[in-house]
Structure formats: structure tokens, C-alpha cells
Amino acid sequence: MPAEGPVSSMVAQAWRDLQPFEGRFGQAWRVALLCALVTGVAMAYRIPEPAISCYLVIFLMKRDAVMNCLLGAGLIALASLVVLAMIPVINLSIDSPALRLAIMFFTSYVFLFLSSTTPLGEQAAIVGLIVAFIMTLVTDVPVGQIGDQGLLAAWKMACMPMALMILFNLVFGTPSQVLVRERIVDRLRSSADALENDGESAKLTELLAEGNDESLKQMLLVKLLHLVPRDEARWLNGAVETSYRIALAAQAPGEAILADRRGMLAARLRDVADLVSKRTFPIFAPAQEAEQQPSTPVEGALRSALNSLARPDAGASPKPEPEPLLAADAFSAPRHQLYALKTSIAAVVCYLIYTGIDWNGIHTAMITCYVAALGTTGETVRKLTLRIAGCLVGAAMGAAALLFVMPNLTDVGGLMVLVFCAVLVAGWVSSGSERISYAGVQVALAFLLTTLNGFGPSFEFSQAGNRIVGIFLGIFVIFVIFTQFWPVSIVNRLRLRLLASANALVDLARQSPDARMADIAASSKILSSLEEAPNLLSMAYFEPRRQRAGDGQLARLATLRRDLEAVYRHIRFQERISEGVAARLDEIRRELEEQSIDAPRPVLLAQRT
């Protein structure tokens with residue numbers, strides 16, 4: 001990346017991220033249709049802030065219908081408990097602005113801390129936003145109406161879209177088992193492509209970097225909820241791991257599998273993929289060429305895994321790794337506390353600004369703080385950049401709608417069609433890679449904030465303009481706080497990731513050749529870290545120049561990442577590890593240890609072997 005130039009590289013990557021892939025349009029139209037339904041319900045029942053309700057859908061809805069239903073139910077339960085708990089809190093603080101401010105800050109800090117350290121993640125951050133929203137209602141809603149109008153409005157704003165999301169996914173969603181089956185088919189077909197290209201396949205590299213944990217969690221839900229027959233669930237669960245073994249073996253370089261065998265294995269993989277896509281499993285039998293003796297250990301491993309797919313359990317019975325309720329470094333690593341502290345300060349500062357100048361129309365500034373902040377400076381500034389770009393595009397779309405479309409709308413149905421068309425465009429972007437998805441969310445949010453200003457078609461530019469000004473105010477406050485106070489660089493995180501990969505390679509190298517081929521857990525972690533490294537490296541260029549590492553240092557980290565990838569391929573597929581590769585791995589680890597701040601100093605490879 002540094003050699004190509006950071007800007008040109010990121011633009012090229014963004015263009016690639018906008019390209020279509022299987023399932024992208026389906027996700028986009030589902031999000032758009034659900035937002036249109038949320039808009040219609042909000043208009044019919046006069047639920048305030050319909051744009052925020054739609055934002056929750058766009059932000060939370062994934063391809064997995066089962067996970068969407070569980071996520072929606074969990075957020076409804078959390079929001080309900082929080083609203084009930086807020087009744088005595090409001091009664092206690094209704095006459096004390098200072099106490100309300102303290103409660104807003106403390107609850108915000110707690111929920112943001114939980115979002116960074118627990119599996120609640122985004123749900124906890126949204127609950128923190130709901131609490132802050134409720135506390136701001138104390139100054140906006142007459143005292144006697146806070147309990148029955150303010151709290152009820154906040155509850156409806158959060159729970160109505162989640163309830164619709166659950167119902168929508170039950171009817172139109174893609175079940176977990178379908179996504180798992182599609183992933184298995186993708187692995188088999190991408191493995192066939194890699195075999196025909198001497199182990200080279202960008203698609204297969206991305207699939208391997210995803211690992212198995214997400215699919216195994218999906219299968220755990222499928223089995224618990226009995227979504228498919230038991231035999232099918234058992235086979236799919238085992239095929240997740242076995243297809244990963246096949247994909248790992250298919251990455252072998254040209255000399256690891258003879259050329260004439262590659263074509264036969266690729267054809268067989270495609271035949272098996274076609275059978276799996278038609279749900280004809282596990283009845284297929286090994287092909288006749290399975291009787292041939294493997295010419296190399298890698299070919300033997302691939303054939304063995306492929307033949308295992310004919311078994312009732314597909315050759316494995318894996319389980320997802322248990323997820324801790326609290327991160328191991330929750331209280332030892334300052335990054336969690338700093339993230340919660342800086343985001344809470346930014347939200348309170350925005351609240352004080354717009355209440356101090358009596359300009360409540362820019363209250364979107366506070367909302368921006370909760371949806372734009374991330375742990376490191378580079379991550380946050382990149383997200384702010386995506387938010388600015390998305391906001392400008394969405395605001396332009398909204399202004400065009402107010403000028404040319406709104407005057408022709410006479411009912412809520414027309415407004416729903418308008419929302420569907422705009423969110424369809426934004427949903428295409430948001431359903432893509434993490435590198436650009438947030439821009440799509442912001443296109444939709446800015447458009448919705450501009451156009452949904454009442455309980456029907458609206459023509460008010462002033463209110464729309466106020467909300468856009470609020471977004472930019474929130475962006476400015478977040479930028480100042482995250483770059484000027486306790487800035488956290490992405491570079492050290494990248495170094496530690498690379499060092500962890502190097503340490504894992506040492507452990508992998510100590511195993512026997514057969515054990516190395518069988519250890520898919522280690523390979524999964526290594527490939528995931530190495531695949532994430534370019535994304536982390538790109539974030540470094542969003543840091544302020546005075547805080548950013550030099551171009552030479554970033555280029556060096558990119559080189560070390562490529563070297564680690566080459567070392568992995570050698571260790572994974574060669575029976576005997578050459579002294580040159582072992583020495584190079586030791587050099588990489590020494591360099592990363594000297595540069596890292598908190599990195600451990602394990603024994604070098606040459607000393608351990």
C-alpha cells in the first residue's frame with residue numbers, strides 16, 4: 001500500500017468494495033423495504049424520530065435472519081428494562097440539571113464500556129444512546145408529561161423497528177442454515193479455482209480469513225431451534241470444519257500437488273459443491289479416483305477431507321469457541337476505559353453546546369458521538385471521513401427529494417416509496433465490506449434526517465439543515481477529542497497482531513508435518529490476522545500527521561506482513577522447514593518485539609527447535 005500511494009490504493013479498494021456479489025442486492029432490498037415499513041408505522045402512530053428508528057434497522061440488520069430476530073428481541077428487552085429503570089432516575093433528577101448531566105455521563109460511560117468489553121457490543125452502545133436521549137427529554141417535554149410521553153416515545157423509537165425487524169425476518173429473512181450451506185459451497189468452488197491456479201485465489205483467502213466460528217455459532221442456533229432435520233444439521237456442522245480443511249489444502253503451491261491431479265480434484269470439488277447446493281447430502285459416495293494413491297501429503301490431506309464429506313457427520317463434530325462474558329483485558333487495558341470516557345465526554349459537550357445556545361434542532365450532534373466513535377484514532381477518523389462523505393451524499397439526495405419529489409407526494413405511501421428507493425442505494429453500500437459499509441449507513445441516515453421531519457411528507461429545509469449541521473458539529477467534537485486527548489495509534493495494534501501471528505507460526509512449526517496439516521485452528525487465527533493487517537494499515541493514514549508513523553515504518557510493516565504470509569505457506573505445506581525460513585521468522589519477531597510496547601518476549605524459534 002505505501003508503495004502504491006495511500007489515497008490511490010484506498011480509492012481503488014473502495015471501487016472494488018462497491019462491486020456486486022452474491023446476496024448483496026437481496027440484503028439491500030430487504031433493508032430498504034423494512035425501512036419503508038418502519039417509516040409507515042412511525043407516521044401512522046406518530047412515533048417521533050423515525051429517522052433514528054430506521055437507522056437502528058440499517059445499523060443492526062445482517063443477512064442472518066435468526067441472528068436478526070435474537071438481536072431485535074435482545075434490544076427490546078434491554079430498552080424496556082432501561083426505560084423502566086429511568087422512571088425513578090428522572091423523578092430524582094428532574095429538578096437538578098447538574099444531576100441529570102452526571103447521570104447522562106455515568107450511564108453513557110458504563111454502557112459504552114460494556115459495548116467494548118462484552119458480547120453485547122452494538123446493543124450496549126445503542127442502550128447508552130437511548131438513556132442519553134431520555135435524559136435530554138427532561139428539558140424538552142413538560143414536567144407532567146415526561147413519564148407518559150417522553151419515556152414512551154423513547155421506548156417506541158427503539159422497540160418498534162426491532163419488533164418489525166423480527167416479523168420481517170421471519171417472513172423474508174435468510175435462515176442461518178442457508179447461509180452456512182452457501183459458505184460451504186463457496187469454499188468448495190473457490191478451492192477448485194485455487195487448485196487450477198496453483199493455490200492462488202483471492203476469494204479463497206477471504207473465506208479462510210473469516211474462520212469457522214461464525215458458522216459454528218449459526219449451526220448451534222440451528223440445532224437449538226430445530227430449524228432443520230437432525231441429520232442435516234449434523235452434516236452441516238461437520239462440513240463447516242471439513243470444508244475449511246479442503247480450502248487450506250487447496251492453497252498449496254504448485255509443487256505440493258501434481259498438475260494432472262489438480263484438474264481431477266477440482267472437477268470433483270465442483271461436483272460435490274453442486275450436490276451440496278441441492279441439499280443432496282450426505283448420500284454422495286467418494287469418486288473412483290479416490291482409490292488412487294496420493295502423490296504428496298498435501299494431496300492426501302485434501303482427498304481425506306473430501307472423502308469425509310460422505311460421512312453422516314461430514315468428518316468432524318466441531319463446536320464454537322466459548323465467548324467470555326467479559327474481555328480478559330477489560331480492566332487492565334486502558335483502551336476500553338478511554339473509548340468510553342472520550343465518547344461520553346464528546347456526547348456531553350455536544351449536549352451542552354446545543355442546549356447552551358438554545359438550538360435543539362442540532363441535537364443530532366450528540367447522536368453522532370455514539371455512532372461514530374471507535375477505539376483508536378485511525379479507526380475513528382476513518383469512520384468520521386466515511387460519515388462526512390455519506391452525510392454529504394445523503395443530504396444532497398434529501399435536498400433533491402425536497403425540491404423535486406416532495407411537492408408531488410400526497411400521502412404516507414408515496415413517502416414510503418421514496419424512502420425505499422433512497423435506502424436501496426444506501427443499503428447497497430452498507431451491505432459491503434467494513435471498509436465502506438458505514439458510508440452507506442450515513443447516506444441513509446442523512447437522507448432520512450433531511451426528509452422525515454414530521455408525520456407525513458415534509459417540505460421544511462430549515463429543520464433538515466439543522467440536523468445536518470448537528471451531524472457536522474458532532475463530527476468536529478469527536479475529531480478534536482479523539483485526536484487531542486489520549487490519542488491511541490493503530491500502529492501498535494498492528495504490530496501486536498503481526499507479532500501474535502509470528503508467535504503462532506512458531507508454535508505451528510514445532511509440530512510434525514501431519515499435525516501442521518491437521519491444526520486448522522492455528523491456521524485460521526494466522527490467516528485472519530494477516531488478512532486484517534492491510535485494513536489496519538490503511539487506517540494509519542487517517543491519523544493526524546504529527547501522530548502518524550512515518551511512511552517508511554508503515555511500508556516496513558507491510559513488508560513484514562507479506563513475509564509472514566510467505567513463511568506461513570512454507571511452514572504449512574513443506575514437510576521440512578528450511579533454516580532460512582526459521583531464521584527469517586526469528587528476525588521478524590525480533591523486529592516486532594523491539595517496536596511494540598506491551599509485546600511479550602517469547603523464546604526464539606531457533607532456540608526452541
# chains A, B, ... in the order shown; residues from 1 in each chain; ligands from 1

$ residues_around --residues "range 544-554 of chain A" --least-positions-apart "5" --cutoff "8 Å" --atoms "only C-alpha atoms" --output "PDB file with N, CA and C atoms, in the first residue's frame"
ATOM      1  N   PRO A   2       1.852   1.434   0.871  1.00  0.00           N
ATOM      2  CA  PRO A   2       2.642   2.640   0.819  1.00  0.00           C
ATOM      3  C   PRO A   2       3.324   2.828  -0.533  1.00  0.00           C
ATOM      4  N   THR A 483      -8.399  13.079  18.742  1.00  0.00           N
ATOM      5  CA  THR A 483      -7.057  13.341  18.230  1.00  0.00           C
ATOM      6  C   THR A 483      -6.198  14.149  19.192  1.00  0.00           C
ATOM      7  N   SER A 489      -2.890   5.163  18.831  1.00  0.00           N
ATOM      8  CA  SER A 489      -2.477   4.878  17.460  1.00  0.00           C
ATOM      9  C   SER A 489      -2.832   3.443  17.074  1.00  0.00           C
ATOM     10  N   VAL A 491      -1.025   1.782  14.960  1.00  0.00           N
ATOM     11  CA  VAL A 491       0.202   1.092  14.565  1.00  0.00           C
ATOM     12  C   VAL A 491       0.606   0.038  15.586  1.00  0.00           C
ATOM     13  N   LEU A 537      -3.557  -1.214   8.419  1.00  0.00           N
ATOM     14  CA  LEU A 537      -2.528  -0.345   7.870  1.00  0.00           C
ATOM     15  C   LEU A 537      -3.151   0.858   7.164  1.00  0.00           C
TER      16      LEU A 537
END

$ select_by_dssp --residues "range 360-453 of chain A" --states "alpha helix (DSSP H)" --output "MDAnalysis selection string"
chainID A and resid 364:372 377:400 412:430 434:451

$ closest_residue --among "A:Leu402, A:Ala98, A:Leu112, A:Ala314" --to "Ser462 in chain A" --atoms "only C-alpha atoms"
A:Leu402

$ residues_around --residues "Val371 in chain A" --least-positions-apart "2" --cutoff "10 Å" --atoms "only C-alpha atoms" --output "list in words"
Phe59, Glu122, Ala125, Ile126, Leu129, Thr343, Met366, Ile367, Thr368, Cys369, Ala373, Leu374, Lys383, Leu384, Arg387, Tyr438 and Gln442 of chain A

$ residues_around --residues "Pro322 in chain A" --least-positions-apart "6" --cutoff "12 Å" --atoms "only C-alpha atoms" --output "PyMOL selection string"
chain A and resi 119+213-214+216-217+220

$ residues_around --residues "Ser529 in chain A" --least-positions-apart "2" --cutoff "9 Å" --atoms "only C-alpha atoms" --output "list of chain:residue names"
A:Ala209, A:Arg497, A:Leu498, A:Ala500, A:Ser501, A:Ser524, A:Lys525, A:Ile526, A:Leu527, A:Glu531, A:Glu532, A:Ala533

$ atom_distance --atom1 "CA of Ala340 in chain A" --atom2 "CA of Tyr109 in chain A"
5.0 Å

$ closest_residue --among "A:Ala233, A:Leu188, A:Leu452, A:Ile478" --to "Leu302 in chain A" --atoms "only C-alpha atoms"
A:Leu188

$ atom_distance --atom1 "CA of Ala77 in chain A" --atom2 "CA of Ile52 in chain A"
18.4 Å

$ closest_residue --among "A:Asp313, A:Leu99, A:Leu258, A:Ala65" --to "Val178 in chain A" --atoms "only C-alpha atoms"
A:Ala65

$ residues_around --residues "Leu325 in chain A" --least-positions-apart "6" --cutoff "10 Å" --atoms "only C-alpha atoms" --output "number ranges by chain"
A: 114, 117-120

$ closest_residue --among "A:Lys319, A:Lys342, A:Arg516, A:Arg569" --to "Val488 in chain A" --atoms "only C-alpha atoms"
A:Lys342

$ closest_residue --among "A:Cys69, A:Ala422, A:Ala194, A:Leu560" --to "Val171 in chain A" --atoms "only C-alpha atoms"
A:Cys69
